[in-house]
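Notes to accompany the following structure.
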Amino acid sequence: MTLTTLRTLLAGAAGLALAAGLSAAPLKAETVLTVLTAGDQNMVDYVNEYLAPKFEAQNPGVKVRAAGTGPGDGGSQKIYEKLSAEAAAGAAKWDVDVAVIHQKMAGQMVQEKMLAAYVGEVKTGTLASRDSARNALGTDVTGYVLPMFHSQIALAYNPELVKAPPKTYAELAEWVKANPKAFGYNGIKGGMSGVGFVTGWTAANIGDAAKLEKGPYDAAMKPAIEKALSGLKDFNRSVTLTPGNAGTLDMLNRGEIAMGPVWVDMFYSWQADGRLNPAMKLQLIGPGMPGQPMYYAVPAKAANQDAARKFIELATSPEVQADGIVKRFNWYPGIDATYVQPKLDAQTWAKLFTDVKPDELASKGKPFPLSGYFTDIMEAYERTVAN
Amino acid sequence: MSAPLPTEAAGRPAALPRPRGGDGAPALPATRIVPDWLWGVLLVLPALAMVALFFLYPLGLSAVSAFQGRDGGWTLANVAKAFELYSLDMAFTLAIVLLSSALVAVLSVAIGGYLTLGGNRLAVTLLRWLYRWPLFIPFIVAAQMMRSFLAKNGLMNNLLIGGGVIEPLQAASLLDWRGVVVTFVWKQTPFVALMVAGAMASLDRSTIEAARDLGAGRLRILAEIVVPQVRPTLTVGLILSFVTMLSVMSVPMMINPNSPTMITVDMAYRINAHGDYGVANALGFVSYAMAGLVGWVYLRHGVRQGGAR
């Protein structure tokens, strides 16, 4: 009896302490910087484990609170919905200070005037000169975003089973016919690596591939897109469909498939964590496979604009890009490589380009199609390939 | 969840003069101000408000927006697009859920039957202890387990190969529609079996004994004596399972997200990848139609049962 009473008391005390701690925690710091990030769990880990402690150490009194909103464009969509709800409610200050978003959503949010033009006000604003820092799938985003990193989709393969990996989409189609079910990808509903494989297939099989990238958008391209995808239905009969980005890597690792499209950073991270056979290799096939940056953006009415700019300045500094983005998380840097390479030893730099050489990346690393074409490709896939 | 509300509300009328008091003149005006029937309404009001606010309103909103374009005008385009792109998935969903329900029916009758008619005490005890376990495992956890259990080189095939049952080359992945059915059946059988076994246990055993005396085998007793008597319970359990399975997204998402897949996955995809609530709601509408159909059977059943009592 007494023991039960004691236990109840203790539990009550613990509960109270917890509640008090929770309510007191934000009060201790003067400013709470809220960072919302779309993307896989590794993005949240990066902010929480690497960037936030660094930033808090440099800025006493500021606490970083980071949350993930989920992988793929859906994650960015959630950030957009939250901010647009706050805008519609007429809130004077929005409670997201830094948003990490995908290209498609960055364009939409710039068009809807939901982002602040902060790049001119941060010291690192001039360090990113690649095309994707100015153009997000056809929308001019100059001044509104800085790339956090670039990532690339490539084919991962098991060199024990595949001696001579295909070098182009056409060779891959031949290879798949000769080796049924040995190639696996995750369709378009299980993550972006499958989506990227499909947009790459479209670009490889359409007459005017440059138009998909450069625009302008023309709805009359729809029949050509459907035609480009017509071969994929037949192709899909000889492949294994995998459950998700991670599902492709899992099946590759268990030897159930011999090849499949993956994100390069995920591939290297899994190898570093011992979750993927270190013998696996990558191949970037022609005419090209897509990659994309993730962007740092500041919502137009973010409550802590100054702290947000400081945070992004730190995150896009050559030191952090070298040590955090390249060395620890295996992404390609967001700012120009010329600023990052001197901060790293030759070995770490070379590891990033073990299988995919820099010149290959330059010639075969493509952007995703314009968002209008992107939607058309996805719907054409559902209409002609999946249905 | 809504249970505490009526009880709280019930405290209030007790504090006021009792409406049917009638022995003191001062009590009468109170009776007239708040008539009897109003107390009843007040009592159910909190629960009713919960249902209206958190169920009926969203349901109505989603049904309405299935027929609205992005500009807010009325249109059938969402429904047309839903059928154009996902008609195969609708058929697939219905087929998967019906097949799973059928398998659940067979297995739960088998389990309930053995618990009621089984001769081996030890086996009955063991089964009684074991069969409920999946009830306590969430769908998403079950799906995650199946993802590595049913894979081509997963635990199940490794066990079969290790046991010499199949050759390594015969190993095939069950991570397609079969995986979804296996997970659904594994997860829902205990639920229905629990209801069915309960109903079987409360049957009048004299009918079973009589059949046994006349020489009927156990299988025949199950099929001709027991199952007909528990059919109402079995139907209700299956209908509840049907609706539950129809609404699960985690299992098809994790096991078989590719075409054809279940419409819950398509709904999530329309919203996540395209921000397209219109088509997602149109798909939701199809889902209500499927659930509504079995709901109608359930209600008819409930009314008939209620009338019989």
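Following the order of the structure tokens, first chain is A, next is B, and so on, with residues numbered from 1 inside each chain and ligands from 1 in the order they appear.
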
field: Shell around stretch 332-346 of chain A at 7 Å using only C-alpha atoms, local window under 4 positions removed, as a ChimeraX atom specification
entry: /A:127-130,147-151,316,318-319,321-322,325-326,350

Please dump the current selection as an mmCIF file, in the first residue's frame; keep C-alpha atoms.
data_model
loop_
_atom_site.group_PDB
_atom_site.id
_atom_site.type_symbol
_atom_site.label_atom_id
_atom_site.label_comp_id
_atom_site.auth_asym_id
_atom_site.auth_seq_id
_atom_site.Cartn_x
_atom_site.Cartn_y
_atom_site.Cartn_z
ATOM 1 C CA LEU A 127 29.369 31.523 -53.381
ATOM 2 C CA ALA A 128 26.702 29.568 -55.274
ATOM 3 C CA SER A 129 26.829 30.317 -58.979
ATOM 4 C CA ARG A 130 25.472 27.098 -60.442
ATOM 5 C CA PRO A 147 21.389 25.458 -52.194
ATOM 6 C CA MET A 148 22.049 23.365 -49.110
ATOM 7 C CA PHE A 149 23.532 20.562 -51.218
ATOM 8 C CA HIS A 150 23.136 18.849 -54.542
ATOM 9 C CA SER A 151 22.211 15.246 -54.825
ATOM 10 C CA THR A 316 26.519 27.733 -46.587
ATOM 11 C CA PRO A 318 32.818 26.751 -47.109
ATOM 12 C CA GLU A 319 33.871 25.140 -43.798
ATOM 13 C CA GLN A 321 29.836 22.704 -46.612
ATOM 14 C CA ALA A 322 33.150 20.832 -46.570
ATOM 15 C CA ILE A 325 27.773 18.342 -46.263
ATOM 16 C CA VAL A 326 30.588 16.516 -48.050
ATOM 17 C CA ALA A 350 38.107 11.838 -54.148
#

Show me, as JSON lines, the residues of chain B having an atom within 12 Å of chain A, each with the closest atom pair and its distance in Å, using only C-alpha atoms.
{"residue": "B:Lys81", "atom": "CA", "partner": "A:Arg383", "partner_atom": "CA", "distance": 9.9}
{"residue": "B:Ala82", "atom": "CA", "partner": "A:Arg383", "partner_atom": "CA", "distance": 10.8}
{"residue": "B:Phe83", "atom": "CA", "partner": "A:Asn387", "partner_atom": "CA", "distance": 10.4}
{"residue": "B:Glu84", "atom": "CA", "partner": "A:Arg383", "partner_atom": "CA", "distance": 7.4}
{"residue": "B:Leu85", "atom": "CA", "partner": "A:Arg383", "partner_atom": "CA", "distance": 5.5}
{"residue": "B:Tyr86", "atom": "CA", "partner": "A:Asn387", "partner_atom": "CA", "distance": 6.9}
{"residue": "B:Ser87", "atom": "CA", "partner": "A:Asn387", "partner_atom": "CA", "distance": 7.8}
{"residue": "B:Leu88", "atom": "CA", "partner": "A:Asn387", "partner_atom": "CA", "distance": 6.2}
{"residue": "B:Asp89", "atom": "CA", "partner": "A:Asn387", "partner_atom": "CA", "distance": 8.1}
{"residue": "B:Met90", "atom": "CA", "partner": "A:Asn387", "partner_atom": "CA", "distance": 11.0}
{"residue": "B:Ala91", "atom": "CA", "partner": "A:Asn387", "partner_atom": "CA", "distance": 11.4}
{"residue": "B:Phe92", "atom": "CA", "partner": "A:Asn387", "partner_atom": "CA", "distance": 11.3}
{"residue": "B:Ala143", "atom": "CA", "partner": "A:Pro243", "partner_atom": "CA", "distance": 11.5}
{"residue": "B:Gln144", "atom": "CA", "partner": "A:Pro243", "partner_atom": "CA", "distance": 11.1}
{"residue": "B:Arg147", "atom": "CA", "partner": "A:Pro243", "partner_atom": "CA", "distance": 8.9}
{"residue": "B:Ser148", "atom": "CA", "partner": "A:Asp250", "partner_atom": "CA", "distance": 9.4}
{"residue": "B:Ala151", "atom": "CA", "partner": "A:Met251", "partner_atom": "CA", "distance": 8.4}
{"residue": "B:Lys152", "atom": "CA", "partner": "A:Glu256", "partner_atom": "CA", "distance": 6.4}
{"residue": "B:Asn153", "atom": "CA", "partner": "A:Arg254", "partner_atom": "CA", "distance": 6.4}
{"residue": "B:Gly154", "atom": "CA", "partner": "A:Arg254", "partner_atom": "CA", "distance": 8.3}
{"residue": "B:Leu155", "atom": "CA", "partner": "A:Arg254", "partner_atom": "CA", "distance": 11.4}
{"residue": "B:Asn158", "atom": "CA", "partner": "A:Arg254", "partner_atom": "CA", "distance": 11.7}
{"residue": "B:Pro168", "atom": "CA", "partner": "A:Glu256", "partner_atom": "CA", "distance": 11.9}
{"residue": "B:Leu169", "atom": "CA", "partner": "A:Glu256", "partner_atom": "CA", "distance": 11.5}
{"residue": "B:Ala171", "atom": "CA", "partner": "A:Glu256", "partner_atom": "CA", "distance": 10.2}
{"residue": "B:Ala172", "atom": "CA", "partner": "A:Glu256", "partner_atom": "CA", "distance": 9.4}
{"residue": "B:Ser173", "atom": "CA", "partner": "A:Glu256", "partner_atom": "CA", "distance": 8.6}
{"residue": "B:Leu174", "atom": "CA", "partner": "A:Thr242", "partner_atom": "CA", "distance": 11.8}
{"residue": "B:Leu175", "atom": "CA", "partner": "A:Pro243", "partner_atom": "CA", "distance": 8.6}
{"residue": "B:Asp176", "atom": "CA", "partner": "A:Leu241", "partner_atom": "CA", "distance": 8.9}
{"residue": "B:Gly179", "atom": "CA", "partner": "A:Pro243", "partner_atom": "CA", "distance": 11.9}
{"residue": "B:Ser250", "atom": "CA", "partner": "A:Pro243", "partner_atom": "CA", "distance": 11.7}
{"residue": "B:Val251", "atom": "CA", "partner": "A:Pro243", "partner_atom": "CA", "distance": 10.9}
{"residue": "B:Pro252", "atom": "CA", "partner": "A:Pro243", "partner_atom": "CA", "distance": 9.4}
{"residue": "B:Met253", "atom": "CA", "partner": "A:Pro243", "partner_atom": "CA", "distance": 7.6}
{"residue": "B:Met254", "atom": "CA", "partner": "A:Pro243", "partner_atom": "CA", "distance": 6.0}
{"residue": "B:Ile255", "atom": "CA", "partner": "A:Pro243", "partner_atom": "CA", "distance": 6.1}
{"residue": "B:Asn256", "atom": "CA", "partner": "A:Pro243", "partner_atom": "CA", "distance": 6.3}
{"residue": "B:Pro257", "atom": "CA", "partner": "A:Pro243", "partner_atom": "CA", "distance": 6.1}
{"residue": "B:Asn258", "atom": "CA", "partner": "A:Gly187", "partner_atom": "CA", "distance": 5.9}
{"residue": "B:Ser259", "atom": "CA", "partner": "A:Ala386", "partner_atom": "CA", "distance": 5.4}
{"residue": "B:Pro260", "atom": "CA", "partner": "A:Ala386", "partner_atom": "CA", "distance": 6.9}
{"residue": "B:Thr261", "atom": "CA", "partner": "A:Ala386", "partner_atom": "CA", "distance": 9.7}
{"residue": "B:Met262", "atom": "CA", "partner": "A:Lys189", "partner_atom": "CA", "distance": 11.7}
{"residue": "B:Ile263", "atom": "CA", "partner": "A:Lys189", "partner_atom": "CA", "distance": 11.9}
{"residue": "B:Thr264", "atom": "CA", "partner": "A:Lys189", "partner_atom": "CA", "distance": 11.7}
{"residue": "B:Val265", "atom": "CA", "partner": "A:Lys189", "partner_atom": "CA", "distance": 7.9}
{"residue": "B:Asp266", "atom": "CA", "partner": "A:Lys189", "partner_atom": "CA", "distance": 8.0}
{"residue": "B:Met267", "atom": "CA", "partner": "A:Lys189", "partner_atom": "CA", "distance": 10.6}
{"residue": "B:Ala268", "atom": "CA", "partner": "A:Gly74", "partner_atom": "CA", "distance": 9.0}
{"residue": "B:Tyr269", "atom": "CA", "partner": "A:Lys189", "partner_atom": "CA", "distance": 6.3}
{"residue": "B:Arg270", "atom": "CA", "partner": "A:Gly74", "partner_atom": "CA", "distance": 9.4}
{"residue": "B:Ile271", "atom": "CA", "partner": "A:Gly74", "partner_atom": "CA", "distance": 7.4}
{"residue": "B:Asn272", "atom": "CA", "partner": "A:Gly74", "partner_atom": "CA", "distance": 3.8}
{"residue": "B:Ala273", "atom": "CA", "partner": "A:Gly74", "partner_atom": "CA", "distance": 5.3}
{"residue": "B:His274", "atom": "CA", "partner": "A:Thr375", "partner_atom": "CA", "distance": 7.6}
{"residue": "B:Gly275", "atom": "CA", "partner": "A:Gln77", "partner_atom": "CA", "distance": 6.8}
{"residue": "B:Asp276", "atom": "CA", "partner": "A:Gln77", "partner_atom": "CA", "distance": 10.6}
{"residue": "B:Tyr277", "atom": "CA", "partner": "A:Gln77", "partner_atom": "CA", "distance": 12.0}

query: So which residues touch B:Leu293 within 12 Å, counting only C-alpha atoms, skipping near sequence neighbours fewer than 4 positions away, as an MDAnalysis selection string?
result: chainID B and resid 94 239 242:243 286:289 297:300

message: Using only C-alpha atoms, which protein or nucleic acid residues come within 12 Å of A:Pro287? Drop anything in the same chain fewer than 3 positions from it, and give the result as a list of chain:residue names.
response: A:Pro166, A:Lys167, A:Thr168, A:Tyr169, A:Ala170, A:Glu171, A:Leu172, A:Phe197, A:Thr199, A:Gly200, A:Trp201, A:Thr202, A:Ala203, A:Ala204, A:Asn205, A:Ile206, A:Ala209, A:Ala210, A:Leu284, A:Pro290, A:Glu360, A:Leu361, A:Ala362, A:Ser363, A:Lys364, A:Gly365, A:Lys366

- prompt: In Å to one decimal, how far is atom CA of B:Ser101 from atom CA of B:Val185?
  reply: 7.5 Å

Output as a CSV table (one decimal) with C-alpha atoms, in the first residue's frame all residues of stretch 80-266 of chain B that backbone DSSP marks as alpha helix (DSSP H).
chain,number,residue,atom,x,y,z
B,80,ALA,CA,-13.4,11.5,-64.1
B,81,LYS,CA,-9.6,11.7,-63.5
B,82,ALA,CA,-9.8,9.4,-60.5
B,83,PHE,CA,-11.6,6.8,-62.7
B,84,GLU,CA,-9.3,7.4,-65.6
B,85,LEU,CA,-6.1,6.9,-63.7
B,86,TYR,CA,-7.1,4.7,-60.8
B,87,SER,CA,-9.9,2.4,-62.0
B,88,LEU,CA,-7.5,-0.5,-61.9
B,89,ASP,CA,-6.5,0.4,-58.3
B,90,MET,CA,-10.2,0.6,-57.3
B,91,ALA,CA,-10.8,-2.9,-58.6
B,92,PHE,CA,-7.6,-4.1,-57.0
B,93,THR,CA,-8.5,-2.6,-53.6
B,94,LEU,CA,-11.9,-4.2,-53.6
B,95,ALA,CA,-10.5,-7.6,-54.7
B,96,ILE,CA,-7.7,-7.5,-52.0
B,97,VAL,CA,-10.2,-6.6,-49.2
B,98,LEU,CA,-12.8,-9.1,-50.3
B,99,LEU,CA,-10.2,-11.9,-50.6
B,100,SER,CA,-8.7,-11.0,-47.3
B,101,SER,CA,-12.2,-11.0,-45.7
B,102,ALA,CA,-12.9,-14.4,-47.1
B,103,LEU,CA,-9.7,-15.8,-45.8
B,104,VAL,CA,-10.3,-14.2,-42.4
B,105,ALA,CA,-13.7,-15.8,-42.3
B,106,VAL,CA,-12.4,-19.3,-43.0
B,107,LEU,CA,-9.5,-19.0,-40.5
B,108,SER,CA,-11.5,-17.4,-37.7
B,109,VAL,CA,-14.2,-20.1,-38.0
B,110,ALA,CA,-11.5,-22.7,-38.0
B,111,ILE,CA,-9.9,-21.2,-34.8
B,112,GLY,CA,-13.3,-20.6,-33.1
B,113,GLY,CA,-14.4,-24.1,-34.1
B,114,TYR,CA,-11.3,-25.8,-32.7
B,115,LEU,CA,-11.6,-23.8,-29.5
B,116,THR,CA,-15.2,-25.0,-29.1
B,117,LEU,CA,-15.0,-28.5,-30.4
B,121,ARG,CA,-6.9,-29.8,-24.1
B,122,LEU,CA,-3.2,-28.7,-24.5
B,123,ALA,CA,-3.8,-27.7,-28.1
B,124,VAL,CA,-6.9,-25.7,-27.2
B,125,THR,CA,-5.1,-23.9,-24.4
B,126,LEU,CA,-2.1,-23.2,-26.6
B,127,LEU,CA,-4.3,-21.9,-29.4
B,128,ARG,CA,-6.3,-19.8,-27.1
B,129,TRP,CA,-3.2,-18.2,-25.7
B,130,LEU,CA,-1.5,-17.7,-29.1
B,139,PHE,CA,-0.6,-2.4,-38.9
B,140,ILE,CA,2.5,-0.4,-39.6
B,141,VAL,CA,4.7,-2.7,-37.4
B,142,ALA,CA,3.1,-5.8,-39.0
B,143,ALA,CA,3.9,-4.4,-42.4
B,144,GLN,CA,7.5,-3.7,-41.4
B,145,MET,CA,7.9,-7.2,-40.1
B,146,MET,CA,6.4,-8.7,-43.3
B,147,ARG,CA,8.7,-6.6,-45.4
B,148,SER,CA,11.7,-8.6,-44.3
B,149,PHE,CA,9.8,-11.8,-43.5
B,155,LEU,CA,13.3,-15.0,-43.1
B,156,MET,CA,10.4,-17.2,-44.4
B,157,ASN,CA,12.2,-18.4,-47.6
B,158,ASN,CA,15.5,-18.9,-45.6
B,159,LEU,CA,13.7,-21.1,-43.2
B,160,LEU,CA,12.1,-23.1,-46.0
B,161,ILE,CA,15.4,-23.4,-47.8
B,162,GLY,CA,17.2,-24.3,-44.5
B,177,TRP,CA,-0.5,-8.3,-53.6
B,178,ARG,CA,0.1,-11.5,-51.8
B,179,GLY,CA,2.1,-9.7,-49.1
B,180,VAL,CA,-0.8,-7.3,-48.5
B,181,VAL,CA,-3.3,-10.1,-48.2
B,182,VAL,CA,-1.0,-12.1,-45.8
B,183,THR,CA,-0.6,-9.1,-43.6
B,184,PHE,CA,-4.3,-8.2,-43.6
B,185,VAL,CA,-5.3,-11.8,-42.8
B,186,TRP,CA,-2.7,-12.1,-40.1
B,187,LYS,CA,-3.7,-8.9,-38.5
B,188,GLN,CA,-7.5,-9.2,-38.8
B,189,THR,CA,-8.1,-13.0,-38.1
B,190,PRO,CA,-7.7,-12.7,-34.3
B,191,PHE,CA,-10.2,-9.8,-34.2
B,192,VAL,CA,-12.9,-11.8,-35.9
B,193,ALA,CA,-11.9,-15.1,-34.2
B,194,LEU,CA,-12.2,-13.4,-30.8
B,195,MET,CA,-15.8,-12.4,-31.6
B,196,VAL,CA,-16.7,-15.7,-33.3
B,197,ALA,CA,-15.1,-17.8,-30.5
B,198,GLY,CA,-17.1,-15.9,-27.9
B,199,ALA,CA,-20.3,-16.4,-29.8
B,200,MET,CA,-19.6,-20.1,-30.2
B,201,ALA,CA,-18.7,-20.5,-26.5
B,205,ARG,CA,-24.2,-27.0,-26.2
B,206,SER,CA,-27.1,-29.4,-26.3
B,207,THR,CA,-27.5,-28.9,-30.0
B,208,ILE,CA,-23.8,-29.9,-30.5
B,209,GLU,CA,-24.2,-32.9,-28.1
B,210,ALA,CA,-27.3,-34.0,-29.9
B,211,ALA,CA,-25.6,-33.9,-33.3
B,212,ARG,CA,-22.6,-35.8,-31.8
B,213,ASP,CA,-25.0,-38.5,-30.4
B,218,ARG,CA,-16.7,-32.5,-35.9
B,219,LEU,CA,-16.4,-30.8,-39.3
B,220,ARG,CA,-20.0,-31.4,-40.0
B,221,ILE,CA,-21.1,-30.1,-36.6
B,227,VAL,CA,-21.6,-21.7,-38.0
B,228,PRO,CA,-25.2,-21.1,-38.9
B,229,GLN,CA,-25.9,-20.1,-35.3
B,230,VAL,CA,-23.0,-17.7,-35.0
B,231,ARG,CA,-23.5,-16.2,-38.5
B,232,PRO,CA,-24.7,-12.8,-37.3
B,233,THR,CA,-21.6,-12.3,-35.2
B,234,LEU,CA,-19.4,-13.6,-38.0
B,235,THR,CA,-21.0,-11.1,-40.5
B,236,VAL,CA,-20.5,-8.2,-38.1
B,237,GLY,CA,-16.9,-9.1,-37.4
B,238,LEU,CA,-16.2,-9.4,-41.2
B,239,ILE,CA,-17.8,-6.1,-42.0
B,240,LEU,CA,-15.8,-4.3,-39.3
B,241,SER,CA,-12.6,-6.0,-40.7
B,242,PHE,CA,-13.6,-5.0,-44.3
B,243,VAL,CA,-13.9,-1.4,-43.4
B,244,THR,CA,-10.7,-1.4,-41.3
B,245,MET,CA,-8.6,-3.0,-44.1
B,246,LEU,CA,-10.1,-0.6,-46.7
B,247,SER,CA,-8.7,2.3,-44.7
B,250,SER,CA,0.7,1.7,-44.1
B,251,VAL,CA,0.5,-1.9,-45.3
B,252,PRO,CA,0.1,-1.4,-49.1
B,253,MET,CA,2.5,1.6,-48.9
B,254,MET,CA,5.3,-0.5,-47.3
B,255,ILE,CA,4.7,-3.8,-49.1
B,263,ILE,CA,-6.4,3.6,-53.3
B,264,THR,CA,-5.3,4.8,-49.9
B,265,VAL,CA,-1.8,5.0,-51.5
B,266,ASP,CA,-3.1,6.9,-54.5

- request: Calculate how many Å separate atom CA of A:Ala133 from atom CA of A:Asp359, rounding to one decimal.
  value: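 Taking atom CA of A:Ala133 and atom CA of A:Asp359, their separation equals 20.0 Å.
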